[in-house]
>>> print(open('my_file12.txt').read())   # compact mmCIF, C-alpha atoms
# COMPACT_ATOMS: atom_id res chain seq x y z
CA MET A 5 -3.45 11.35 -3.45
CA PRO A 6 -3.56 7.90 -5.09
CA SER A 7 -2.95 7.42 -8.80
CA ALA A 8 -6.02 8.23 -10.92
CA PHE A 9 -5.84 5.08 -13.07
CA VAL A 10 -5.19 1.73 -11.36
CA HIS A 11 -5.13 -1.70 -13.00
CA ARG A 12 -4.91 -5.12 -11.42
CA ILE A 13 -2.70 -7.27 -13.64
CA THR A 14 -2.91 -11.05 -13.30
CA LYS A 15 -2.66 -14.28 -15.22
CA TYR A 16 -6.15 -15.20 -13.98
CA ASP A 17 -8.95 -15.02 -16.54
CA PRO A 18 -11.92 -13.08 -15.07
CA ALA A 19 -14.19 -15.65 -16.72
CA ASP A 20 -12.88 -18.18 -14.18
CA ARG A 21 -14.06 -16.25 -11.12
CA ASP A 22 -17.11 -17.05 -9.04
CA GLU A 23 -19.81 -14.61 -7.99
CA HIS A 24 -17.61 -13.41 -5.12
CA GLY A 25 -14.65 -12.70 -7.39
CA TYR A 26 -12.59 -15.71 -6.27
CA TYR A 27 -10.55 -17.43 -8.96
CA THR A 28 -11.66 -21.01 -9.61
CA GLY A 29 -9.48 -21.87 -12.61
CA ALA A 30 -6.42 -24.06 -12.94
CA GLN A 31 -3.64 -21.44 -12.88
CA ASP A 32 -0.98 -22.02 -10.20
CA THR A 33 -0.49 -19.27 -7.62
CA ALA A 34 3.32 -19.49 -7.85
CA SER A 35 5.53 -17.85 -10.43
CA ASP A 36 6.53 -20.02 -13.37
CA HIS A 37 10.00 -18.39 -13.38
CA GLY A 38 9.50 -18.31 -17.14
CA PRO A 39 7.32 -16.79 -19.87
CA VAL A 40 4.39 -15.80 -17.64
CA GLU A 41 6.71 -14.09 -15.19
CA ALA A 42 8.40 -12.35 -18.12
CA ALA A 43 4.99 -11.21 -19.34
CA TYR A 44 4.31 -9.54 -15.97
CA LEU A 45 7.58 -7.62 -16.19
CA ALA A 46 6.93 -6.62 -19.80
CA ALA A 47 3.46 -5.37 -18.87
CA ILE A 48 4.82 -3.24 -16.01
CA ALA A 49 7.48 -1.87 -18.36
CA ALA A 50 4.76 -0.95 -20.85
CA PHE A 51 2.82 0.98 -18.19
CA ALA A 52 6.04 2.73 -17.10
CA ALA A 53 6.80 3.73 -20.69
CA ALA A 54 3.26 5.02 -21.19
CA SER A 55 3.68 7.06 -18.01
CA ALA A 56 7.15 8.38 -19.01
CA ILE A 57 8.72 6.73 -15.97
CA ASP A 58 12.28 5.41 -15.96
CA ARG A 59 13.14 5.59 -12.25
CA LEU A 60 11.13 4.59 -9.18
CA GLU A 61 11.42 5.04 -5.44
CA ILE A 62 11.54 2.15 -2.98
CA ARG A 63 9.03 2.59 -0.15
CA GLU A 64 8.65 0.52 3.04
CA PRO A 65 11.22 -2.13 2.05
CA ALA A 66 11.19 -5.42 3.91
CA VAL A 67 13.04 -8.72 3.96
CA THR A 68 12.12 -12.12 5.33
CA GLY A 69 11.52 -12.11 9.07
CA PHE A 70 11.67 -15.02 11.49
CA VAL A 71 8.27 -16.10 10.12
CA HIS A 72 7.99 -16.49 6.33
CA PHE A 73 4.55 -16.68 4.71
CA GLY A 74 5.53 -16.94 1.05
CA VAL A 75 4.45 -19.75 -1.26
CA GLU A 76 8.07 -20.46 -2.17
CA PRO A 77 10.87 -20.94 0.39
CA PRO A 78 13.02 -17.87 1.13
CA VAL A 79 16.42 -17.71 -0.53
CA GLU A 80 19.73 -16.40 0.71
CA GLY A 81 19.88 -12.67 0.15
CA HIS A 82 16.07 -12.35 0.02
CA GLY A 83 16.16 -12.28 -3.79
CA LEU A 84 18.28 -9.12 -3.77
CA GLY A 85 21.58 -10.71 -4.77
CA GLY A 86 23.09 -8.96 -7.75
CA LEU A 87 20.89 -5.91 -7.17
CA PHE A 88 22.36 -4.73 -3.87
CA PRO A 89 25.47 -5.67 -1.86
CA PRO A 90 25.13 -8.22 0.99
CA ASP A 91 24.68 -5.46 3.57
CA LEU A 92 21.75 -4.15 1.44
CA THR A 93 23.29 -0.71 0.96
CA GLY A 94 20.96 1.17 -1.38
CA TYR A 95 17.88 -0.84 -0.38
CA HIS A 96 16.07 1.48 1.98
CA ASP A 97 12.99 3.63 2.19
CA GLY A 98 13.29 6.47 -0.30
CA ALA A 99 16.07 4.91 -2.38
CA GLU A 100 15.71 5.63 -6.09
CA VAL A 101 16.35 2.82 -8.58
CA SER A 102 16.27 2.50 -12.36
CA LEU A 103 13.34 0.81 -14.08
CA PRO A 104 15.41 -2.35 -14.83
CA VAL A 105 16.28 -2.70 -11.13
CA ALA A 106 12.66 -2.04 -10.18
CA LEU A 107 11.55 -4.84 -12.53
CA GLU A 108 14.05 -7.21 -10.89
CA LEU A 109 12.57 -6.28 -7.51
CA VAL A 110 9.15 -7.17 -8.91
CA ARG A 111 10.59 -10.50 -10.08
CA ALA A 112 11.85 -11.24 -6.55
CA MET A 113 8.43 -10.38 -5.12
CA LEU A 114 6.60 -12.53 -7.67
CA ARG A 115 8.84 -15.41 -6.60
CA ASP A 116 8.25 -14.79 -2.86
CA GLN A 117 12.00 -14.78 -2.33
CA GLY A 118 11.85 -12.67 0.80
CA ALA A 119 12.12 -9.04 -0.30
CA TRP A 120 9.03 -6.83 -0.55
CA CYS A 121 8.51 -3.12 -1.13
CA ARG A 122 6.24 -0.62 -2.78
CA LEU A 123 7.61 1.03 -5.91
CA GLU A 124 6.38 4.57 -6.46
CA VAL A 125 6.96 7.88 -8.21
CA GLY A 126 5.02 10.16 -5.90
CA ASP A 127 1.39 10.24 -7.03
CA LEU A 128 2.35 9.69 -10.68
CA PHE A 129 3.10 5.97 -10.79
CA THR A 130 2.94 2.98 -8.44
CA VAL A 131 3.66 -0.73 -8.60
CA HIS A 132 2.46 -3.01 -5.79
CA VAL A 133 2.90 -6.79 -5.73
CA GLY A 134 0.38 -8.73 -3.67
CA TRP A 135 -0.19 -12.39 -2.87
CA ASP A 136 -0.62 -15.10 -5.49
CA GLN A 137 0.76 -13.18 -8.49
CA TYR A 138 -1.51 -10.16 -8.15
CA VAL A 139 0.15 -6.94 -9.36
CA TYR A 140 -1.36 -3.46 -9.11
CA VAL A 141 -0.12 -0.65 -11.35
CA GLY A 142 -1.27 2.92 -10.87
CA SER A 143 -0.64 5.90 -13.15
CA ASP A 144 -1.77 9.48 -13.60
CA ARG A 145 -2.50 8.54 -17.23
CA PRO A 146 -5.00 6.08 -18.75
CA CYS A 147 -2.21 4.05 -20.44
CA ALA A 148 -4.53 2.60 -23.07
CA ASP A 149 -1.63 1.26 -25.15
CA ALA A 150 -0.14 -0.46 -22.09
CA VAL A 151 -3.50 -2.04 -21.30
CA ALA A 152 -3.66 -3.40 -24.85
CA ARG A 153 -0.06 -4.61 -24.64
CA THR A 154 -0.82 -6.43 -21.39
CA ARG A 155 -3.64 -8.31 -23.10
CA GLU A 156 -1.32 -9.18 -25.99
CA LEU A 157 1.08 -10.68 -23.44
CA GLY A 158 -1.66 -13.05 -22.28
CA LEU A 159 -2.38 -11.30 -18.99
CA PHE A 160 -5.57 -9.68 -17.77
CA PRO A 161 -5.59 -5.96 -16.85
CA GLU A 162 -8.66 -5.01 -14.83
CA PRO A 163 -9.42 -1.40 -13.82
CA LEU A 164 -9.82 -0.67 -10.11
CA THR A 165 -10.53 2.45 -8.11
CA ALA A 166 -7.43 1.93 -5.94
CA SER A 167 -4.69 -0.56 -5.10
CA PRO A 168 -5.42 -2.57 -1.96
CA TYR A 169 -1.72 -2.18 -1.15
CA ALA A 170 -1.73 1.61 -1.22
CA ALA A 171 0.06 2.96 1.85
CA GLU A 172 -2.08 3.99 4.79
CA VAL A 173 -0.16 7.20 5.44
CA ASP A 174 -1.27 7.72 9.04
CA GLU A 175 -0.10 4.22 9.94
CA ALA A 176 2.94 3.91 7.68
CA GLU A 177 4.81 7.10 8.45
CA ALA A 178 7.09 7.48 11.45
CA THR A 179 6.13 10.52 13.52
CA GLU A 180 9.21 11.33 15.65
CA PRO A 181 12.27 12.69 13.80
CA ALA A 182 15.80 11.79 14.85
CA ASP A 183 16.69 15.48 14.75
CA GLU A 184 19.19 17.46 16.84
CA HIS A 185 16.79 17.45 19.78
CA PHE A 186 16.74 13.64 19.64
CA TRP A 187 20.55 13.45 19.62
CA ILE A 188 20.75 15.86 22.57
CA ARG A 189 18.52 13.44 24.47
CA VAL A 190 20.84 10.57 23.49
CA HIS A 191 23.86 12.55 24.75
CA THR A 192 22.02 13.26 28.01
CA ALA A 193 21.23 9.58 28.50
CA LEU A 194 24.83 8.65 27.77
CA ALA A 195 26.08 11.13 30.36
CA SER A 196 24.47 9.08 33.12
CA ARG A 197 24.61 5.58 31.63
CA HIS A 198 28.00 5.77 29.82
CA ALA A 199 26.86 3.27 27.16
CA LEU A 200 23.61 2.42 25.37
CA LEU A 201 22.39 -0.04 22.75
CA LEU A 202 21.22 1.49 19.46
CA GLU A 203 19.03 -0.60 17.15
CA GLU A 204 19.18 0.65 13.55
CA SER A 205 16.24 -0.80 11.60
CA TYR A 206 17.19 0.00 8.02
CA VAL A 207 14.51 -2.20 6.43
CA ARG A 208 11.60 -4.04 7.98
CA ASN A 209 12.77 -7.30 9.64
CA ALA A 210 16.45 -6.33 9.44
CA ALA A 211 18.53 -4.32 11.90
CA ARG A 212 22.07 -3.43 12.80
CA TRP A 213 23.09 -3.00 16.42
CA HIS A 214 25.55 -0.52 17.86
CA ARG A 215 26.90 -0.15 21.38
CA ILE A 216 27.17 3.63 21.61
CA THR A 217 29.30 5.69 23.98
CA PRO A 218 30.07 9.43 24.19
CA GLU A 219 33.31 8.68 22.34
CA ASN A 220 31.87 6.77 19.32
CA LEU A 221 28.41 8.33 18.96
CA ASP A 222 29.34 10.75 16.17
CA THR A 223 31.05 7.97 14.19
CA VAL A 224 28.05 5.64 14.53
CA ARG A 225 25.66 8.44 13.65
CA ALA A 226 27.57 9.26 10.45
CA GLY A 227 27.21 5.67 9.20
CA LEU A 228 23.48 5.21 9.74
CA CYS A 229 21.28 4.23 6.80
CA PRO A 230 19.01 6.96 5.39
CA ARG A 231 15.52 7.00 6.93
CA ALA A 232 16.48 4.27 9.43
CA LEU A 233 14.24 3.74 12.43
CA LEU A 234 16.40 4.23 15.54
CA THR A 235 15.56 2.61 18.86
CA VAL A 236 17.66 3.27 21.94
CA TRP A 237 17.81 0.58 24.65
CA PRO A 238 19.70 0.25 27.92
CA ASP A 239 23.21 -1.15 27.54
CA LEU A 240 23.94 -4.86 27.24
CA THR A 241 24.52 -6.75 30.48
CA PRO A 242 27.98 -8.30 31.05
CA ASP A 243 26.46 -11.17 33.07
CA VAL A 244 25.33 -13.25 30.09
CA GLY A 245 24.44 -16.21 32.30
CA ALA A 246 21.96 -14.12 34.26
CA VAL A 247 20.33 -12.89 31.05
CA LEU A 248 19.95 -16.49 29.83
CA ALA A 249 18.54 -17.66 33.16
CA ALA A 250 15.90 -14.92 33.23
CA MET A 251 14.49 -15.53 29.75
CA PRO A 252 10.73 -16.22 29.67
CA GLN A 253 9.05 -19.51 28.88
CA GLU A 254 6.50 -20.00 26.08
CA GLU A 255 7.16 -16.73 24.29
CA SER A 256 9.64 -15.44 21.74
CA ILE A 257 12.23 -12.78 22.51
CA ASP A 258 14.93 -10.90 20.63
CA PHE A 259 18.25 -12.00 22.12
CA VAL A 260 21.12 -9.58 21.47
CA TRP A 261 24.76 -10.33 22.26
CA GLU A 262 28.23 -8.90 21.76
CA ALA A 263 30.95 -11.32 20.64
CA GLN A 264 34.55 -11.15 21.78
CA ASP A 265 35.51 -9.26 18.63
CA GLY A 266 32.95 -6.53 19.40
CA THR A 267 30.40 -7.47 16.76
CA ILE A 268 26.78 -7.42 17.92
CA SER A 269 24.28 -10.01 16.68
CA HIS A 270 20.70 -10.88 17.47
CA ALA A 271 18.30 -13.77 17.03
CA ILE A 272 14.59 -14.32 17.57
CA VAL A 273 14.33 -17.33 19.89
CA ASP A 274 11.89 -19.12 22.17
CA ASP A 275 12.36 -21.69 24.94
CA THR A 276 12.92 -24.49 22.41
CA ASP A 277 16.09 -22.67 21.29
CA TYR A 278 17.55 -21.80 24.69
CA GLN A 279 19.89 -24.77 25.04
CA ALA A 280 21.46 -24.24 21.62
CA LEU A 281 21.57 -20.48 22.20
CA SER A 282 23.42 -20.92 25.51
CA ALA A 283 26.12 -22.94 23.78
CA HIS A 284 26.35 -20.47 20.91
CA VAL A 285 26.88 -17.42 23.14
CA ALA A 286 29.02 -19.13 25.79
CA ASP A 287 31.94 -16.72 25.24
CA ALA A 288 29.88 -13.57 24.62
CA ARG A 289 30.99 -10.38 26.33
CA ALA A 290 27.48 -9.10 27.09
CA ALA A 291 23.85 -9.66 26.17
CA CYS A 292 20.24 -8.65 26.68
CA ALA A 293 16.79 -10.07 25.96
CA LEU A 294 14.29 -7.67 24.39
CA PRO A 295 10.53 -8.35 24.27
CA LEU A 296 8.71 -8.73 20.97
CA SER A 297 5.30 -7.89 22.41
CA LEU A 298 4.29 -4.30 21.66
CA ALA A 299 2.77 -4.07 25.13
CA GLU A 300 6.19 -4.76 26.67
CA HIS A 301 8.23 -2.86 24.07
CA ARG A 302 9.59 0.03 26.15
CA PRO A 303 12.74 1.53 24.64
CA LEU A 304 14.35 4.64 26.05
CA LEU A 305 13.96 6.55 22.79
CA CYS A 306 12.61 5.87 19.29
CA ALA A 307 12.74 8.04 16.16
CA ALA A 308 13.37 7.92 12.40
CA LEU A 309 16.10 9.72 10.49
CA PRO A 310 14.85 12.72 8.50
CA ASP A 311 16.15 13.51 5.03
CA SER A 312 19.04 15.91 4.51
CA ASP A 313 16.59 18.84 4.25
CA GLY A 314 15.27 18.04 7.73
CA VAL A 315 11.92 16.68 6.54
CA LEU A 316 10.81 13.33 7.94
CA ARG A 317 9.57 11.20 5.04
CA ALA A 318 10.37 7.69 6.34
CA ARG A 319 7.55 5.16 6.13
CA ARG A 320 7.43 1.91 8.04
>>> encode(input="my_file12.txt", output="structure tokens")
Amino acid sequence: MPSAFVHRITKYDPADRDEHGYYTGAQDTASDHGPVEAAYLAAIAAFAAASAIDRLEIREPAVTGFVHFGVEPPVEGHGLGGLFPPDLTGYHDGAEVSLPVALELVRAMLRDQGAWCRLEVGDLFTVHVGWDQYVYVGSDRPCADAVARTRELGLFPEPLTASPYAAEVDEAEATEPADEHFWIRVHTALASRHALLLEESYVRNAARWHRITPENLDTVRAGLCPRALLTVWPDLTPDVGAVLAAMPQEESIDFVWEAQDGTISHAIVDDTDYQALSAHVADARAACALPLSLAEHRPLLCAALPDSDGVLRARR
């Protein structure tokens, strides 16, 4: 169930909206990285205090993909530097963070620095950051004092029936658990193929790749990120030249390769990148080209890691 009391918080005066609700005033749609941005964070903190919330859960986290739509250019680390280590340990679906960290995540989203997520406490409290400095705060309480404080900060809290960024549960949740039955199927596939490629999508637009064998499967499995989406593909091909020669024209693909030191990397490329890619992977051990089109996306297996109690709560 969604929060009972939802407010849209913006720097846009409702008096400057036309009959369709579109803002026609002079406010910029980018963050000022200054007092207005600080006012947003103070307002969210006020709603959290009024709701007795001091920790929030990260849901459906994402980072910048190969196409970035933000007003500001993406930054290295997606705006998460100082909050999480470079490998983004601790930034995953279901991770719990303190209110100060949650506010810094909101800051990164207001600045369009690359990271995005929903921040929630079940049905009790939600924070969603939309386009153009629109923030939606939901609570199970009216939060009258927080509404007044938001106005004092120079922002405009407007009541809504629901956040437009509320998760569509049927679409957001993964449906297949990476349970023991899934791993038995992986073992069975390995028995005939000897090696497979495992894509570990730990946040949206970011993945780690593992070349799994019967010998290393348990080790790889033990290091997977909580609630990761796991996609199993056929093994990389040792004839890298053949993979490069067969790549399609006029469409993008996900090119995956294994370097001489055993590390596996990937890049989204199209035919304008092929010449540079060929030079970059000249000494690669093996490679493959995976389609981006959902119609052609045919992995061997796909599932999401359940929580330690066996319940699948991952959302994508």
>>> closest_residue(input="my_file12.txt", among="A:Asp17, A:Glu255, A:Glu219, A:Glu124", to="Val273 of chain A", atoms="all atoms listed in the file")
A:Glu255
>>> residues_around(input="my_file12.txt", residues="Thr28 of chain A", least_positions_apart="4", cutoff="12 Å", atoms="all atoms listed in the file", output="MDAnalysis selection string")
chainID A and resid 16:24 32:33
>>> residues_around(input="my_file12.txt", residues="segment 196-210 of chain A", least_positions_apart="2", cutoff="7 Å", atoms="only C-alpha atoms", output="PyMOL selection string")
chain A and resi 65-69+96+193-194+212-217+229+232-240
>>> atom_distance(input="my_file12.txt", atom1="atom CA of Tyr44 of chain A", atom2="atom CA of Arg111 of chain A")
8.7 Å
>>> closest_residue(input="my_file12.txt", among="A:Arg59, A:Arg317, A:Arg225, A:Arg145", to="Leu107 of chain A", atoms="all atoms listed in the file")
A:Arg59
>>> closest_residue(input="my_file12.txt", among="A:Ser282, A:Asn220, A:Ser7, A:Ser269", to="Val244 of chain A", atoms="all atoms listed in the file")
A:Ser282
>>> closest_residue(input="my_file12.txt", among="A:Glu100, A:Asp277, A:Asp127, A:Glu64", to="Val10 of chain A", atoms="only C-alpha atoms")
A:Asp127
>>> closest_residue(input="my_file12.txt", among="A:Ala249, A:Pro230, A:Tyr278, A:Phe259", to="Thr93 of chain A", atoms="all atoms listed in the file")
A:Pro230
>>> atom_distance(input="my_file12.txt", atom1="atom CA of Gly142 of chain A", atom2="atom CA of Thr130 of chain A")
4.9 Å
>>> atom_distance(input="my_file12.txt", atom1="atom CA of Gln279 of chain A", atom2="atom CA of Pro252 of chain A")
13.4 Å
>>> closest_atom_pairs(input="my_file12.txt", of="segment 47-105 of chain A", to="segment 158-168 of chain A", cutoff="12 Å", atoms="all atoms listed in the file", output="Markdown table")
| residue | atom | partner | partner_atom | distance |
| --- | --- | --- | --- | --- |
| A:Ala47 | CA | A:Leu159 | CA | 8.3 |
| A:Ile48 | CA | A:Pro161 | CA | 10.8 |
| A:Phe51 | CA | A:Pro161 | CA | 11.0 |
